[in-house]
file my_file13.txt (compact mmCIF, C-alpha atoms)
# COMPACT_ATOMS: atom_id res chain seq x y z
CA MET H 284 75.29 89.82 127.73
CA ALA H 285 73.28 88.39 124.84
CA VAL H 286 70.98 85.44 125.54
CA VAL H 287 69.68 83.36 122.67
CA ILE H 288 66.83 81.02 123.61
CA ILE H 289 66.04 78.16 121.26
CA GLU H 290 62.79 76.30 121.84
CA SER H 291 62.71 73.09 119.89
CA PRO H 292 61.74 69.46 120.08
CA ALA H 293 64.27 67.08 121.58
CA LEU H 294 67.77 67.63 120.21
CA SER H 295 70.79 65.49 120.96
CA SER H 296 73.65 67.05 122.88
CA ASP H 297 75.79 66.92 119.71
CA GLN H 298 73.13 68.83 117.76
CA LYS H 299 72.88 71.42 120.54
CA ALA H 300 76.67 71.85 120.57
CA ARG H 301 76.84 72.34 116.78
CA ILE H 302 73.91 74.77 116.70
CA GLY H 303 75.19 76.68 119.75
CA GLU H 304 78.68 76.99 118.27
CA ARG H 305 77.28 78.33 114.98
CA VAL H 306 75.05 80.88 116.72
CA ILE H 307 77.88 82.10 118.98
CA THR H 308 80.35 82.29 116.08
CA ALA H 309 77.87 84.22 113.91
CA LEU H 310 77.23 86.76 116.67
CA GLN H 311 80.97 87.15 117.32
CA HIS H 312 81.52 87.84 113.61
CA GLU H 313 78.90 90.59 113.93
CA GLY H 314 80.91 92.25 116.70
CA MET H 315 79.69 90.63 119.92
CA ALA H 316 82.52 90.18 122.42
CA PRO H 317 83.70 86.60 123.08
CA GLY H 318 82.14 85.22 126.25
CA SER H 319 79.17 87.61 126.09
CA VAL H 320 76.78 85.24 124.30
CA VAL H 321 74.77 82.45 125.95
CA VAL H 322 72.68 79.95 124.02
CA LEU H 323 69.89 78.35 126.04
CA PHE H 324 67.97 75.33 124.73
CA GLN H 325 64.45 74.75 126.09
CA PRO H 326 61.73 72.28 125.20
CA GLU H 327 58.73 73.67 123.34
CA ARG H 328 56.12 75.05 125.73
CA GLY H 329 52.98 75.14 123.68
CA ASP H 330 51.12 74.71 120.47
CA ILE H 331 52.55 76.28 117.35
CA TYR H 332 50.25 78.15 114.98
CA LEU H 333 51.39 79.41 111.60
CA ASP H 334 49.10 81.33 109.23
CA GLY H 335 46.07 80.16 111.17
CA LEU H 336 46.95 76.47 110.96
CA LEU H 337 47.89 74.25 113.89
CA ILE H 338 51.38 73.01 113.11
CA GLN H 339 52.18 71.12 116.29
CA ALA H 340 50.03 70.53 119.33
CA GLN H 341 51.60 69.99 122.71
CA SER H 342 50.97 66.48 123.92
CA THR H 343 49.11 66.10 127.18
CA ALA H 344 50.98 62.93 128.19
CA PRO H 345 54.45 63.47 129.58
CA ALA H 346 57.04 62.49 127.03
CA THR H 347 59.52 59.84 128.00
CA ALA H 348 62.82 61.35 127.16
CA PRO H 349 66.26 60.15 128.10
CA ALA H 350 67.92 61.83 131.03
CA PRO H 351 69.36 65.16 129.89
CA ALA H 352 73.10 65.19 129.45
CA ALA H 353 75.22 68.05 130.65
CA PRO H 354 74.70 70.83 128.10
CA LYS H 355 77.85 71.37 126.05
CA ALA H 356 76.83 74.88 125.02
CA LEU H 357 77.08 76.09 128.63
CA VAL H 358 80.58 74.72 129.25
CA LEU H 359 82.92 77.65 129.59
CA GLU H 360 85.96 77.31 127.40
CA PRO H 361 89.06 79.45 127.67
CA ILE H 362 88.70 82.65 125.73
CA PRO H 363 91.26 82.76 122.93
CA GLU H 364 93.70 85.61 122.99
CA PRO H 365 92.64 88.46 120.75
CA ALA H 366 94.29 88.53 117.36
CA PRO H 367 97.11 91.02 116.92
CA ALA H 368 95.80 94.37 115.77
CA PHE H 369 97.27 94.10 112.27
CA LYS H 370 95.21 90.96 111.60
CA THR H 371 91.86 92.64 112.18
CA LYS H 372 92.25 96.13 110.81
CA ALA H 373 91.42 97.11 107.24
CA ARG H 374 94.93 98.28 106.29
CA ARG H 375 98.37 97.38 107.56
CA SER H 376 101.10 99.96 108.13
CA LYS H 377 104.45 99.85 106.31
CA PRO H 378 106.33 98.56 109.38
CA GLU H 379 103.75 95.79 109.81
CA LEU H 380 104.09 94.83 106.14
CA GLU H 381 107.89 94.84 106.44
CA ASP H 382 107.70 92.56 109.50
CA MET H 383 105.37 90.26 107.56
CA LYS H 384 107.78 90.29 104.61
CA GLN H 385 110.72 89.37 106.87
CA SER H 386 108.68 86.51 108.37
CA LEU H 387 107.86 85.33 104.84
CA ILE H 388 111.54 85.46 103.85
CA SER H 389 112.48 83.50 106.96
CA ALA H 390 109.85 80.83 106.19
CA LEU H 391 111.05 80.60 102.58
CA GLN H 392 114.69 80.27 103.68
CA THR H 393 113.80 77.57 106.19
CA ARG H 394 111.52 75.49 103.95
CA GLY H 395 113.02 76.23 100.55
CA SER H 396 109.66 76.76 98.84
CA LEU H 397 106.09 77.67 99.77
CA SER H 398 102.67 77.86 98.20
CA SER H 399 100.39 80.76 99.13
CA PHE H 400 98.36 78.49 101.42
CA GLU H 401 101.49 77.18 103.15
CA ALA H 402 102.66 80.77 103.64
CA GLN H 403 99.31 81.67 105.25
CA VAL H 404 99.72 78.75 107.67
CA ALA H 405 103.39 79.52 108.36
CA LEU H 406 102.61 83.18 109.14
CA ASP H 407 99.40 82.29 111.06
CA LEU H 408 97.20 84.27 108.64
CA LYS H 409 94.73 81.58 107.54
CA GLU H 410 91.82 83.35 109.26
CA CYS H 411 92.56 86.70 107.56
CA ASP H 412 90.50 87.50 104.45
CA TRP H 413 93.14 89.93 103.21
CA ALA H 414 96.08 87.48 103.48
CA PRO H 415 96.04 85.96 99.92
CA ALA H 416 96.18 89.35 98.17
CA THR H 417 98.81 90.74 100.55
CA LEU H 418 100.98 87.63 100.21
CA ARG H 419 100.73 87.83 96.40
CA ARG H 420 102.06 91.41 96.58
CA LEU H 421 104.89 90.36 98.89
CA PHE H 422 105.78 87.38 96.67
CA THR H 423 105.81 89.72 93.64
CA GLU H 424 108.18 92.14 95.44
CA LEU H 425 110.50 89.25 96.32
CA GLU H 426 110.35 87.95 92.75
CA GLU H 427 111.20 91.40 91.34
CA ALA H 428 114.15 91.58 93.77
CA LYS H 429 115.33 88.23 92.31
CA LEU H 430 115.15 86.54 95.74
CA ILE H 431 112.57 83.94 94.72
CA ALA H 432 111.47 82.13 91.59
CA LYS H 433 107.83 81.44 90.79
CA SER H 434 106.82 78.07 89.34
CA GLY H 435 103.41 76.65 88.45
CA GLN H 436 100.05 78.31 87.89
CA LYS H 437 96.94 79.10 89.89
CA ARG H 438 96.60 76.75 92.88
CA GLY H 439 99.78 74.93 91.89
CA THR H 440 101.95 78.04 92.19
CA ARG H 441 105.05 77.63 94.35
CA TYR H 442 107.58 80.24 95.32
CA VAL H 443 111.15 78.89 95.56
CA TRP H 444 113.88 80.62 97.54
CA LYS H 445 116.93 81.30 95.33
CA GLY H 446 119.30 82.58 98.01
CA ILE H 447 121.13 80.75 100.77
CA ALA H 448 118.83 78.70 102.94
CA ASN H 449 118.80 79.09 106.72
CA SER H 450 119.81 75.64 107.83
CA PRO H 451 121.52 74.72 111.06
CA GLN H 452 125.22 74.13 110.60
CA THR H 453 126.24 70.58 111.41
CA ALA H 454 129.99 70.94 110.94
CA PRO H 455 132.15 73.52 112.65
CA THR H 456 133.65 76.32 110.56
CA VAL H 457 136.96 75.24 109.07
CA LYS H 458 139.83 77.72 108.84
CA LEU H 459 142.23 77.10 105.98
CA VAL H 460 145.90 77.77 106.62
CA LYS H 461 148.56 77.78 103.93
CA ALA H 462 151.23 75.16 104.56
CA GLU H 463 154.83 76.32 104.46
CA ASN H 464 157.19 74.58 102.06
CA GLU H 465 160.60 73.38 103.17
CA GLU H 466 162.17 75.23 100.26
CA GLY H 467 160.80 78.60 101.01
call {"tool": "encode", "arguments": {"input": "my_file13.txt", "output": "structure tokens"}}
result
Amino acid sequence: MAVVIIESPALSSDQKARIGERVITALQHEGMAPGSVVVLFQPERGDIYLDGLLIQAQSTAPATAPAPAAPKALVLEPIPEPAPAFKTKARRSKPELEDMKQSLISALQTRGSLSSFEAQVALDLKECDWAPATLRRLFTELEEAKLIAKSGQKRGTRYVWKGIANSPQTAPTVKLVKAENEEG
């Protein structure tokens, strides 16, 4: 378990929470397992010297500080479920890409049109660095297959589904029957 100790002058509980969250997030991005990092805030214990100069001397009189609030950094939060393997690895396999493509098609059929950002949200890929490039390739494949049409440029690009949309049927299926004539 990693313990990070921060000695500083009085910080508010909101400041401690923000700093603690940033430290924990940075260490998790460097490979530390979630739940294995503790950030401990302590008051400064002594004088601080930097390059031979006294920067801050500890006061001899006890400081009147407000009663400490419950530290937010030590509150245990539920550990999020790990991301599916295809979201974290460097390359996706062909079956994973095909599944992603089918999910993209389904989202396009349901909504009618999507931007790249909306597709990332719909497929839950907004945290994946590789998602924009992969989605561009998938959109290009769908465009070449004449399933979608591309409109707009750069951030205004939208991909419009050209096929039949998946919409719930509101009317029952009607069966047509040819009426018989009296003559025939």
call {"tool": "closest_residue", "arguments": {"input": "my_file13.txt", "among": "H:Glu401, H:Arg420, H:Ala462, H:Val322", "to": "Arg305 of chain H", "atoms": "all atoms listed in the file"}}
result
H:Val322
call {"tool": "closest_residue", "arguments": {"input": "my_file13.txt", "among": "H:Thr308, H:Ser386, H:Ser396, H:Gln325", "to": "Glu290 of chain H", "atoms": "all atoms listed in the file"}}
result
H:Gln325
call {"tool": "atom_distance", "arguments": {"input": "my_file13.txt", "atom1": "atom CA of Val320 of chain H", "atom2": "atom CA of Leu294 of chain H"}}
result
20.2 Å
call {"tool": "residues_around", "arguments": {"input": "my_file13.txt", "residues": "segment 434-448 of chain H", "least_positions_apart": "5", "cutoff": "12 Å", "atoms": "all atoms listed in the file", "output": "compact mmCIF listing (two decimals) with C-alpha atoms, in the coordinates of the input"}}
result
# COMPACT_ATOMS: atom_id res chain seq x y z
CA LEU H 387 107.86 85.33 104.84
CA ILE H 388 111.54 85.46 103.85
CA SER H 389 112.48 83.50 106.96
CA ALA H 390 109.85 80.83 106.19
CA LEU H 391 111.05 80.60 102.58
CA GLN H 392 114.69 80.27 103.68
CA THR H 393 113.80 77.57 106.19
CA ARG H 394 111.52 75.49 103.95
CA GLY H 395 113.02 76.23 100.55
CA SER H 396 109.66 76.76 98.84
CA LEU H 397 106.09 77.67 99.77
CA SER H 398 102.67 77.86 98.20
CA SER H 399 100.39 80.76 99.13
CA PHE H 400 98.36 78.49 101.42
CA GLU H 401 101.49 77.18 103.15
CA ALA H 402 102.66 80.77 103.64
CA PRO H 415 96.04 85.96 99.92
CA LEU H 418 100.98 87.63 100.21
CA ARG H 419 100.73 87.83 96.40
CA LEU H 421 104.89 90.36 98.89
CA PHE H 422 105.78 87.38 96.67
CA THR H 423 105.81 89.72 93.64
CA GLU H 424 108.18 92.14 95.44
CA LEU H 425 110.50 89.25 96.32
CA GLU H 426 110.35 87.95 92.75
CA ALA H 428 114.15 91.58 93.77
CA LYS H 429 115.33 88.23 92.31
call {"tool": "atom_distance", "arguments": {"input": "my_file13.txt", "atom1": "atom CA of Ala309 of chain H", "atom2": "atom CA of Val287 of chain H"}}
result
12.0 Å
call {"tool": "atom_distance", "arguments": {"input": "my_file13.txt", "atom1": "atom CA of Glu304 of chain H", "atom2": "atom CA of Pro317 of chain H"}}
result
11.9 Å
call {"tool": "closest_residue", "arguments": {"input": "my_file13.txt", "among": "H:Val460, H:Met383, H:Ile431, H:Leu323", "to": "Ala405 of chain H", "atoms": "all atoms listed in the file"}}
result
H:Met383
call {"tool": "closest_residue", "arguments": {"input": "my_file13.txt", "among": "H:Cys411, H:Val306, H:Ala316, H:Leu380", "to": "Ile289 of chain H", "atoms": "all atoms listed in the file"}}
result
H:Val306
